[in-house]
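Heads up: the structure comes next, in structure tokens.
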Amino acid sequence: MTITDGTPDPRLMPRVELARAFRTVLTSSRFLSRSGYADSQGASALRAALAEEFLNARGLSISADNVLITHGSQMGLFLAASANLSPGDGVAVEDPGYPFAWSSFRAGGARVIGVPVDHEGLDVDCLAQMLRHDPGIRAVYVTPHHQYPTTVTLGAGRRLKLLELARQHDLLIIEDDYDHDYRFDSAPVLPLAARVGADQRLIHIGSLSKLTIPSLRLGYVIAPPDILRRMTDLREAIDRQGDVPLEEAMALMIRNGVLGRHARKAKRVYAQRRDFLLKEVREKLSNAVTFSVPAGGLAVWMKIDARIDGDAWTVSAKKAGLHIERGKRFFIGSQNDINYFRFGYAHLNTDEIAKAVDVLAQHKTVFC
Ligand SMILES: Cc1ncc(COP(=O)(O)O)c(C=O)c1O
């Protein structure tokens, strides 16, 4: 069994409905009449469905023209950096944060600069100080809804400060809203993209990986027209177009309400699994880890007690068949006192969660 960093449960996916949607697309006369290439910005049916049915509910008043479809948000991150930054430019990122975003930024030659994170998310005052000392910082990457990996939500005051700071320093904001639908204890918090004026440079990146499964590569980008054009041109240069049948099938799933129904059901199930996990951990691991209850998302960020050797714990659990990764890789530095893990629970049902916690409890005896 594997504890991931927070992935959905494929068993919940509406697979039969997706297969049906594929069949509808592949047997349509439109499909047969199309022999050439399609729009590199993505299938207009999916862009329109996302804009009208999905993203407007997030306070984003946009049309299909404002959306670029990508192969997952990873491609969006790469395009955002490559189309907007020059080698040597600095990108401020959350530390701890999302290493796959850092890889995309570094691939374009950018310098990745860590900004600390606390219980309210990115430390915006610290970012302000860094900007004073390093005018080469041209962009900031944030996961404001559920900070990756800590799961905290960027506070309202910090959001306003960040937008103001970005305006003052002409910083490009790259907002990664990777799990918007999974907010359990309140309505989802509107993205930063819903708060920016027309004069502000913000790239909003989203993913369908958490709502469906990561192996269906679908993500999207919303950005001002000039930025979206550059990103679309670059996408065309490396990958002429997306997977049109998949994009059109997903558009059908949005239009016929299947994806919305799935999102509501998955949210209910994952909220129950989160509560179950926290109950199990309180009962069986209370002397080993501490955590804050995440308001949403598919994982819990756990701090391992200082007396426990986290490396030995994970090695011992692995021998018992449970794979769990230490949280070190989410930190930019390589300090040895980093004693966390991100417990992705959503892909496990309650029996599996109980088994995983049992294994951890049985193997936590390794005190330094
Ligand atoms: C912070 C963050 N952004 C984005 C993604 C989604 O990536 P993709 O859409 O490329 O599957 C993930 C998935 O784990 C993530 O954790």
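Residue names in the structure tokens use chain letters A, B, ... in the order shown, residue numbers from 1 in each chain, and ligand numbers from 1 in the order shown.
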Within 9 Å of A:Pro87, counting only C-alpha atoms, which residues show up once you throw out same-chain ones fewer than 5 positions away? Write them as a VMD selection string, please.
chain A and resid 106 108 to 111
Looking only at strand (DSSP E or B) from DSSP on the backbone, list the matching residues of stretch 115-336 of chain A as JSON, numbers by chain.
{"A": [115, 116, 117, 118, 121, 122, 137, 138, 139, 140, 141, 142, 172, 173, 174, 175, 176, 177, 183, 202, 203, 204, 205, 206, 207, 219, 220, 221, 222, 289, 290, 291, 296, 299, 300, 301, 302, 303, 304, 308, 323, 324]}
Using C-alpha atoms, can you export the residues from the last selection as a CSV table (one decimal), in the first residue's frame?
```csv
chain,number,residue,atom,x,y,z
A,115,VAL,CA,9.9,32.2,0.8
A,116,PRO,CA,8.9,30.8,4.2
A,117,VAL,CA,5.3,29.5,4.8
A,118,ASP,CA,3.5,29.6,8.1
A,121,GLY,CA,0.5,30.5,3.9
A,122,LEU,CA,3.2,32.4,2.1
A,137,ILE,CA,12.7,38.5,-8.8
A,138,ARG,CA,10.1,38.7,-11.6
A,139,ALA,CA,7.4,36.2,-10.5
A,140,VAL,CA,5.9,34.6,-7.5
A,141,TYR,CA,4.3,31.1,-7.5
A,142,VAL,CA,1.6,30.3,-5.0
A,172,LEU,CA,3.9,38.1,-12.4
A,173,ILE,CA,1.7,36.0,-10.1
A,174,ILE,CA,1.5,32.3,-11.0
A,175,GLU,CA,-1.5,30.9,-9.1
A,176,ASP,CA,-1.8,27.1,-8.9
A,177,ASP,CA,-5.4,26.2,-7.9
A,183,ARG,CA,-13.1,22.3,0.3
A,202,LEU,CA,-1.7,36.9,-13.1
A,203,ILE,CA,-1.6,33.4,-14.6
A,204,HIS,CA,-4.2,31.1,-13.1
A,205,ILE,CA,-3.4,27.4,-13.6
A,206,GLY,CA,-5.9,24.6,-12.8
A,207,SER,CA,-6.0,20.8,-13.2
A,219,GLY,CA,-5.2,21.1,-17.2
A,220,TYR,CA,-6.1,24.7,-18.1
A,221,VAL,CA,-4.6,28.2,-18.0
A,222,ILE,CA,-6.3,31.5,-17.7
A,289,VAL,CA,2.6,13.1,15.1
A,290,THR,CA,0.8,16.4,15.3
A,291,PHE,CA,-1.2,18.1,12.6
A,296,GLY,CA,-9.9,20.7,2.3
A,299,ALA,CA,-3.8,15.2,2.3
A,300,VAL,CA,-2.9,16.0,5.9
A,301,TRP,CA,0.5,17.6,6.7
A,302,MET,CA,1.9,15.8,9.7
A,303,LYS,CA,4.8,16.8,11.9
A,304,ILE,CA,6.7,13.8,13.3
A,308,ILE,CA,11.2,9.8,16.4
A,323,HIS,CA,5.2,3.1,1.3
A,324,ILE,CA,5.3,6.6,2.7
```
Enumerate, as a VMD selection string, the complete set of residues in stretch 8-163 of chain A that a backbone-based DSSP assignment places in helix (DSSP H, G or I).
chain A and resid 10 to 12 15 to 26 29 to 32 44 to 58 64 to 66 72 to 84 99 to 107 124 to 133 156 to 163
Could you give me, as JSON lines, every stretch 247-301 of chain A residue with an atom at most 10 Å from stretch 30-48 of chain A, plus its closest atom pair and distance in Å to one decimal, counting only C-alpha atoms, rows ordered by chain then number?
```
{"residue": "A:Glu247", "atom": "CA", "partner": "A:Leu46", "partner_atom": "CA", "distance": 5.9}
{"residue": "A:Glu248", "atom": "CA", "partner": "A:Leu46", "partner_atom": "CA", "distance": 6.0}
{"residue": "A:Ala249", "atom": "CA", "partner": "A:Leu46", "partner_atom": "CA", "distance": 8.4}
{"residue": "A:Met250", "atom": "CA", "partner": "A:Leu46", "partner_atom": "CA", "distance": 6.8}
{"residue": "A:Ala251", "atom": "CA", "partner": "A:Leu46", "partner_atom": "CA", "distance": 4.4}
{"residue": "A:Leu252", "atom": "CA", "partner": "A:Leu46", "partner_atom": "CA", "distance": 8.1}
{"residue": "A:Met253", "atom": "CA", "partner": "A:Leu46", "partner_atom": "CA", "distance": 9.6}
{"residue": "A:Ile254", "atom": "CA", "partner": "A:Leu46", "partner_atom": "CA", "distance": 8.4}
{"residue": "A:Arg255", "atom": "CA", "partner": "A:Leu46", "partner_atom": "CA", "distance": 9.3}
```
Only all heavy atoms, please: the residues just picked out, written as a PDB file, in the first residue's frame.
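Okay, out-v3.pdb is ready:
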```pdb
ATOM      1  N   GLU A 247     -10.501  15.835 -24.811  1.00  0.00           N
ATOM      2  CA  GLU A 247     -11.002  17.165 -24.457  1.00  0.00           C
ATOM      3  C   GLU A 247     -12.506  17.263 -24.744  1.00  0.00           C
ATOM      4  O   GLU A 247     -13.273  17.808 -23.944  1.00  0.00           O
ATOM      5  CB  GLU A 247     -10.227  18.239 -25.231  1.00  0.00           C
ATOM      6  CG  GLU A 247      -8.772  18.333 -24.771  1.00  0.00           C
ATOM      7  CD  GLU A 247      -7.937  19.356 -25.542  1.00  0.00           C
ATOM      8  OE1 GLU A 247      -8.504  20.139 -26.331  1.00  0.00           O
ATOM      9  OE2 GLU A 247      -6.703  19.354 -25.359  1.00  0.00           O
ATOM     10  N   GLU A 248     -12.920  16.696 -25.885  1.00  0.00           N
ATOM     11  CA  GLU A 248     -14.350  16.790 -26.223  1.00  0.00           C
ATOM     12  C   GLU A 248     -15.189  15.879 -25.313  1.00  0.00           C
ATOM     13  O   GLU A 248     -16.313  16.232 -24.934  1.00  0.00           O
ATOM     14  CB  GLU A 248     -14.561  16.472 -27.701  1.00  0.00           C
ATOM     15  CG  GLU A 248     -13.941  17.579 -28.564  1.00  0.00           C
ATOM     16  CD  GLU A 248     -14.301  17.508 -30.043  1.00  0.00           C
ATOM     17  OE1 GLU A 248     -14.733  16.420 -30.495  1.00  0.00           O
ATOM     18  OE2 GLU A 248     -14.137  18.529 -30.726  1.00  0.00           O
ATOM     19  N   ALA A 249     -14.635  14.736 -24.956  1.00  0.00           N
ATOM     20  CA  ALA A 249     -15.371  13.847 -24.041  1.00  0.00           C
ATOM     21  C   ALA A 249     -15.539  14.532 -22.681  1.00  0.00           C
ATOM     22  O   ALA A 249     -16.599  14.461 -22.053  1.00  0.00           O
ATOM     23  CB  ALA A 249     -14.635  12.513 -23.896  1.00  0.00           C
ATOM     24  N   MET A 250     -14.485  15.224 -22.227  1.00  0.00           N
ATOM     25  CA  MET A 250     -14.582  15.902 -20.926  1.00  0.00           C
ATOM     26  C   MET A 250     -15.577  17.060 -21.008  1.00  0.00           C
ATOM     27  O   MET A 250     -16.315  17.325 -20.053  1.00  0.00           O
ATOM     28  CB  MET A 250     -13.191  16.392 -20.499  1.00  0.00           C
ATOM     29  CG  MET A 250     -13.061  16.701 -19.049  1.00  0.00           C
ATOM     30  SD  MET A 250     -13.578  15.352 -17.949  1.00  0.00           S
ATOM     31  CE  MET A 250     -12.272  14.160 -18.206  1.00  0.00           C
ATOM     32  N   ALA A 251     -15.623  17.721 -22.168  1.00  0.00           N
ATOM     33  CA  ALA A 251     -16.606  18.802 -22.344  1.00  0.00           C
ATOM     34  C   ALA A 251     -18.020  18.244 -22.181  1.00  0.00           C
ATOM     35  O   ALA A 251     -18.872  18.832 -21.514  1.00  0.00           O
ATOM     36  CB  ALA A 251     -16.432  19.443 -23.713  1.00  0.00           C
ATOM     37  N   LEU A 252     -18.248  17.062 -22.779  1.00  0.00           N
ATOM     38  CA  LEU A 252     -19.579  16.423 -22.648  1.00  0.00           C
ATOM     39  C   LEU A 252     -19.879  16.098 -21.190  1.00  0.00           C
ATOM     40  O   LEU A 252     -20.997  16.296 -20.707  1.00  0.00           O
ATOM     41  CB  LEU A 252     -19.597  15.108 -23.432  1.00  0.00           C
ATOM     42  CG  LEU A 252     -20.029  15.126 -24.888  1.00  0.00           C
ATOM     43  CD1 LEU A 252     -19.992  13.702 -25.441  1.00  0.00           C
ATOM     44  CD2 LEU A 252     -21.438  15.704 -24.997  1.00  0.00           C
ATOM     45  N   MET A 253     -18.855  15.610 -20.485  1.00  0.00           N
ATOM     46  CA  MET A 253     -19.034  15.244 -19.068  1.00  0.00           C
ATOM     47  C   MET A 253     -19.371  16.475 -18.220  1.00  0.00           C
ATOM     48  O   MET A 253     -20.037  16.362 -17.197  1.00  0.00           O
ATOM     49  CB  MET A 253     -17.745  14.614 -18.512  1.00  0.00           C
ATOM     50  CG  MET A 253     -17.316  13.361 -19.217  1.00  0.00           C
ATOM     51  SD  MET A 253     -17.870  11.905 -18.347  1.00  0.00           S
ATOM     52  CE  MET A 253     -16.745  11.894 -16.962  1.00  0.00           C
ATOM     53  N   ILE A 254     -18.861  17.617 -18.618  1.00  0.00           N
ATOM     54  CA  ILE A 254     -19.187  18.847 -17.879  1.00  0.00           C
ATOM     55  C   ILE A 254     -20.611  19.281 -18.243  1.00  0.00           C
ATOM     56  O   ILE A 254     -21.442  19.551 -17.374  1.00  0.00           O
ATOM     57  CB  ILE A 254     -18.167  19.966 -18.206  1.00  0.00           C
ATOM     58  CG1 ILE A 254     -16.780  19.586 -17.677  1.00  0.00           C
ATOM     59  CG2 ILE A 254     -18.620  21.301 -17.608  1.00  0.00           C
ATOM     60  CD1 ILE A 254     -15.659  20.541 -18.081  1.00  0.00           C
ATOM     61  N   ARG A 255     -20.909  19.275 -19.542  1.00  0.00           N
ATOM     62  CA  ARG A 255     -22.222  19.756 -19.999  1.00  0.00           C
ATOM     63  C   ARG A 255     -23.365  18.871 -19.495  1.00  0.00           C
ATOM     64  O   ARG A 255     -24.438  19.367 -19.171  1.00  0.00           O
ATOM     65  CB  ARG A 255     -22.262  19.784 -21.534  1.00  0.00           C
ATOM     66  CG  ARG A 255     -21.364  20.836 -22.153  1.00  0.00           C
ATOM     67  CD  ARG A 255     -21.919  22.218 -21.953  1.00  0.00           C
ATOM     68  NE  ARG A 255     -21.238  23.175 -22.805  1.00  0.00           N
ATOM     69  CZ  ARG A 255     -21.118  24.454 -22.523  1.00  0.00           C
ATOM     70  NH1 ARG A 255     -21.640  24.944 -21.419  1.00  0.00           N
ATOM     71  NH2 ARG A 255     -20.503  25.272 -23.338  1.00  0.00           N
TER      72      ARG A 255
END
```
Shell of 12 Å around A:Pro294, only C-alpha atoms, local chain residues under 2 positions omitted, as an MDAnalysis selection string
chainID A and resid 119 145:153 182:186 270:271 274:275 277:278 291:292 296:302 342:344
Can you write out the residues you just picked, keeping C-alpha atoms, as a PDB file, in the first residue's frame?
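Output saved as out04.pdb:
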```pdb
ATOM      1  CA  HIS A 119      -0.080  28.860   9.368  1.00  0.00           C
ATOM      2  CA  HIS A 145      -6.286  27.561  -1.658  1.00  0.00           C
ATOM      3  CA  HIS A 146      -4.547  24.666   0.067  1.00  0.00           C
ATOM      4  CA  GLN A 147      -0.856  25.412   0.251  1.00  0.00           C
ATOM      5  CA  TYR A 148       1.218  22.500  -1.036  1.00  0.00           C
ATOM      6  CA  PRO A 149       2.328  20.651   1.061  1.00  0.00           C
ATOM      7  CA  THR A 150       1.090  22.211   4.340  1.00  0.00           C
ATOM      8  CA  THR A 151      -2.606  22.516   3.216  1.00  0.00           C
ATOM      9  CA  VAL A 152      -3.089  25.945   4.880  1.00  0.00           C
ATOM     10  CA  THR A 153      -5.152  28.624   3.149  1.00  0.00           C
ATOM     11  CA  TYR A 182     -12.257  19.803  -2.374  1.00  0.00           C
ATOM     12  CA  ARG A 183     -13.122  22.288   0.348  1.00  0.00           C
ATOM     13  CA  PHE A 184     -14.933  20.447   3.108  1.00  0.00           C
ATOM     14  CA  ASP A 185     -15.748  22.826   5.930  1.00  0.00           C
ATOM     15  CA  SER A 186     -16.844  25.930   4.033  1.00  0.00           C
ATOM     16  CA  TYR A 270     -13.062  12.430   0.878  1.00  0.00           C
ATOM     17  CA  ALA A 271     -14.390  14.544   3.762  1.00  0.00           C
ATOM     18  CA  ARG A 274     -10.256  12.795   6.171  1.00  0.00           C
ATOM     19  CA  ASP A 275     -12.322  12.627   9.364  1.00  0.00           C
ATOM     20  CA  LEU A 277      -7.987   9.283   9.185  1.00  0.00           C
ATOM     21  CA  LEU A 278      -7.806  12.003  11.825  1.00  0.00           C
ATOM     22  CA  PHE A 291      -1.239  18.137  12.646  1.00  0.00           C
ATOM     23  CA  SER A 292      -3.734  20.909  11.928  1.00  0.00           C
ATOM     24  CA  GLY A 296      -9.854  20.749   2.327  1.00  0.00           C
ATOM     25  CA  GLY A 297      -7.584  18.949  -0.107  1.00  0.00           C
ATOM     26  CA  LEU A 298      -6.613  15.311  -0.281  1.00  0.00           C
ATOM     27  CA  ALA A 299      -3.818  15.155   2.290  1.00  0.00           C
ATOM     28  CA  VAL A 300      -2.869  15.990   5.866  1.00  0.00           C
ATOM     29  CA  TRP A 301       0.501  17.556   6.704  1.00  0.00           C
ATOM     30  CA  MET A 302       1.905  15.765   9.736  1.00  0.00           C
ATOM     31  CA  ARG A 342       2.231  14.502   3.782  1.00  0.00           C
ATOM     32  CA  PHE A 343      -0.393  11.827   4.317  1.00  0.00           C
ATOM     33  CA  GLY A 344      -2.466  11.587   1.145  1.00  0.00           C
TER      34      GLY A 344
END
```
Please produce, as JSON lines, a per-residue contact table for chain A versus ligand 1 (criterion: any atom at most 9 Å away, only C-alpha atoms and all ligand atoms considered), showing the nearest atom pair and its distance in Å to one decimal, sorted by chain then residue number.
```
{"residue": "A:Asp5", "atom": "CA", "partner": "ligand 1", "partner_atom_place_in_ligand_line": "14 (O)", "distance": 7.0}
{"residue": "A:Gly6", "atom": "CA", "partner": "ligand 1", "partner_atom_place_in_ligand_line": "14 (O)", "distance": 6.6}
{"residue": "A:Thr7", "atom": "CA", "partner": "ligand 1", "partner_atom_place_in_ligand_line": "14 (O)", "distance": 6.7}
{"residue": "A:Thr70", "atom": "CA", "partner": "ligand 1", "partner_atom_place_in_ligand_line": "9 (O)", "distance": 8.6}
{"residue": "A:His71", "atom": "CA", "partner": "ligand 1", "partner_atom_place_in_ligand_line": "10 (O)", "distance": 7.0}
{"residue": "A:Gly72", "atom": "CA", "partner": "ligand 1", "partner_atom_place_in_ligand_line": "9 (O)", "distance": 3.5}
{"residue": "A:Ser73", "atom": "CA", "partner": "ligand 1", "partner_atom_place_in_ligand_line": "9 (O)", "distance": 3.7}
{"residue": "A:Gln74", "atom": "CA", "partner": "ligand 1", "partner_atom_place_in_ligand_line": "10 (O)", "distance": 3.8}
{"residue": "A:Met75", "atom": "CA", "partner": "ligand 1", "partner_atom_place_in_ligand_line": "10 (O)", "distance": 6.6}
{"residue": "A:Gly76", "atom": "CA", "partner": "ligand 1", "partner_atom_place_in_ligand_line": "10 (O)", "distance": 8.0}
{"residue": "A:Leu77", "atom": "CA", "partner": "ligand 1", "partner_atom_place_in_ligand_line": "10 (O)", "distance": 8.5}
{"residue": "A:Gly97", "atom": "CA", "partner": "ligand 1", "partner_atom_place_in_ligand_line": "1 (C)", "distance": 7.7}
{"residue": "A:Tyr98", "atom": "CA", "partner": "ligand 1", "partner_atom_place_in_ligand_line": "1 (C)", "distance": 5.4}
{"residue": "A:Pro99", "atom": "CA", "partner": "ligand 1", "partner_atom_place_in_ligand_line": "1 (C)", "distance": 8.5}
{"residue": "A:Phe100", "atom": "CA", "partner": "ligand 1", "partner_atom_place_in_ligand_line": "2 (C)", "distance": 7.8}
{"residue": "A:Ala101", "atom": "CA", "partner": "ligand 1", "partner_atom_place_in_ligand_line": "3 (N)", "distance": 7.4}
{"residue": "A:Val142", "atom": "CA", "partner": "ligand 1", "partner_atom_place_in_ligand_line": "1 (C)", "distance": 8.8}
{"residue": "A:Thr143", "atom": "CA", "partner": "ligand 1", "partner_atom_place_in_ligand_line": "1 (C)", "distance": 6.5}
{"residue": "A:His146", "atom": "CA", "partner": "ligand 1", "partner_atom_place_in_ligand_line": "1 (C)", "distance": 8.6}
{"residue": "A:Gln147", "atom": "CA", "partner": "ligand 1", "partner_atom_place_in_ligand_line": "1 (C)", "distance": 7.6}
{"residue": "A:Tyr148", "atom": "CA", "partner": "ligand 1", "partner_atom_place_in_ligand_line": "1 (C)", "distance": 5.3}
{"residue": "A:Pro149", "atom": "CA", "partner": "ligand 1", "partner_atom_place_in_ligand_line": "1 (C)", "distance": 7.5}
{"residue": "A:Asp176", "atom": "CA", "partner": "ligand 1", "partner_atom_place_in_ligand_line": "3 (N)", "distance": 5.9}
{"residue": "A:Asp177", "atom": "CA", "partner": "ligand 1", "partner_atom_place_in_ligand_line": "3 (N)", "distance": 7.1}
{"residue": "A:Tyr178", "atom": "CA", "partner": "ligand 1", "partner_atom_place_in_ligand_line": "4 (C)", "distance": 4.8}
{"residue": "A:Asp179", "atom": "CA", "partner": "ligand 1", "partner_atom_place_in_ligand_line": "15 (C)", "distance": 7.8}
{"residue": "A:Ile205", "atom": "CA", "partner": "ligand 1", "partner_atom_place_in_ligand_line": "4 (C)", "distance": 8.2}
{"residue": "A:Gly206", "atom": "CA", "partner": "ligand 1", "partner_atom_place_in_ligand_line": "9 (O)", "distance": 6.9}
{"residue": "A:Ser207", "atom": "CA", "partner": "ligand 1", "partner_atom_place_in_ligand_line": "9 (O)", "distance": 4.3}
{"residue": "A:Leu208", "atom": "CA", "partner": "ligand 1", "partner_atom_place_in_ligand_line": "9 (O)", "distance": 6.3}
{"residue": "A:Ser209", "atom": "CA", "partner": "ligand 1", "partner_atom_place_in_ligand_line": "11 (O)", "distance": 4.8}
{"residue": "A:Lys210", "atom": "CA", "partner": "ligand 1", "partner_atom_place_in_ligand_line": "13 (C)", "distance": 7.1}
{"residue": "A:Ile213", "atom": "CA", "partner": "ligand 1", "partner_atom_place_in_ligand_line": "11 (O)", "distance": 8.0}
{"residue": "A:Pro214", "atom": "CA", "partner": "ligand 1", "partner_atom_place_in_ligand_line": "11 (O)", "distance": 4.8}
{"residue": "A:Ser215", "atom": "CA", "partner": "ligand 1", "partner_atom_place_in_ligand_line": "11 (O)", "distance": 7.5}
{"residue": "A:Leu216", "atom": "CA", "partner": "ligand 1", "partner_atom_place_in_ligand_line": "11 (O)", "distance": 8.2}
{"residue": "A:Arg217", "atom": "CA", "partner": "ligand 1", "partner_atom_place_in_ligand_line": "11 (O)", "distance": 6.5}
{"residue": "A:Leu218", "atom": "CA", "partner": "ligand 1", "partner_atom_place_in_ligand_line": "9 (O)", "distance": 6.4}
{"residue": "A:Gly219", "atom": "CA", "partner": "ligand 1", "partner_atom_place_in_ligand_line": "9 (O)", "distance": 5.3}
{"residue": "A:Tyr220", "atom": "CA", "partner": "ligand 1", "partner_atom_place_in_ligand_line": "9 (O)", "distance": 8.5}
```
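For the residues A:Glu325, A:Glu94, A:Asp89, A:Glu17, ranking by smallest atom-to-atom distance to A:Asn256 using only C-alpha atoms places A:Glu17 first.
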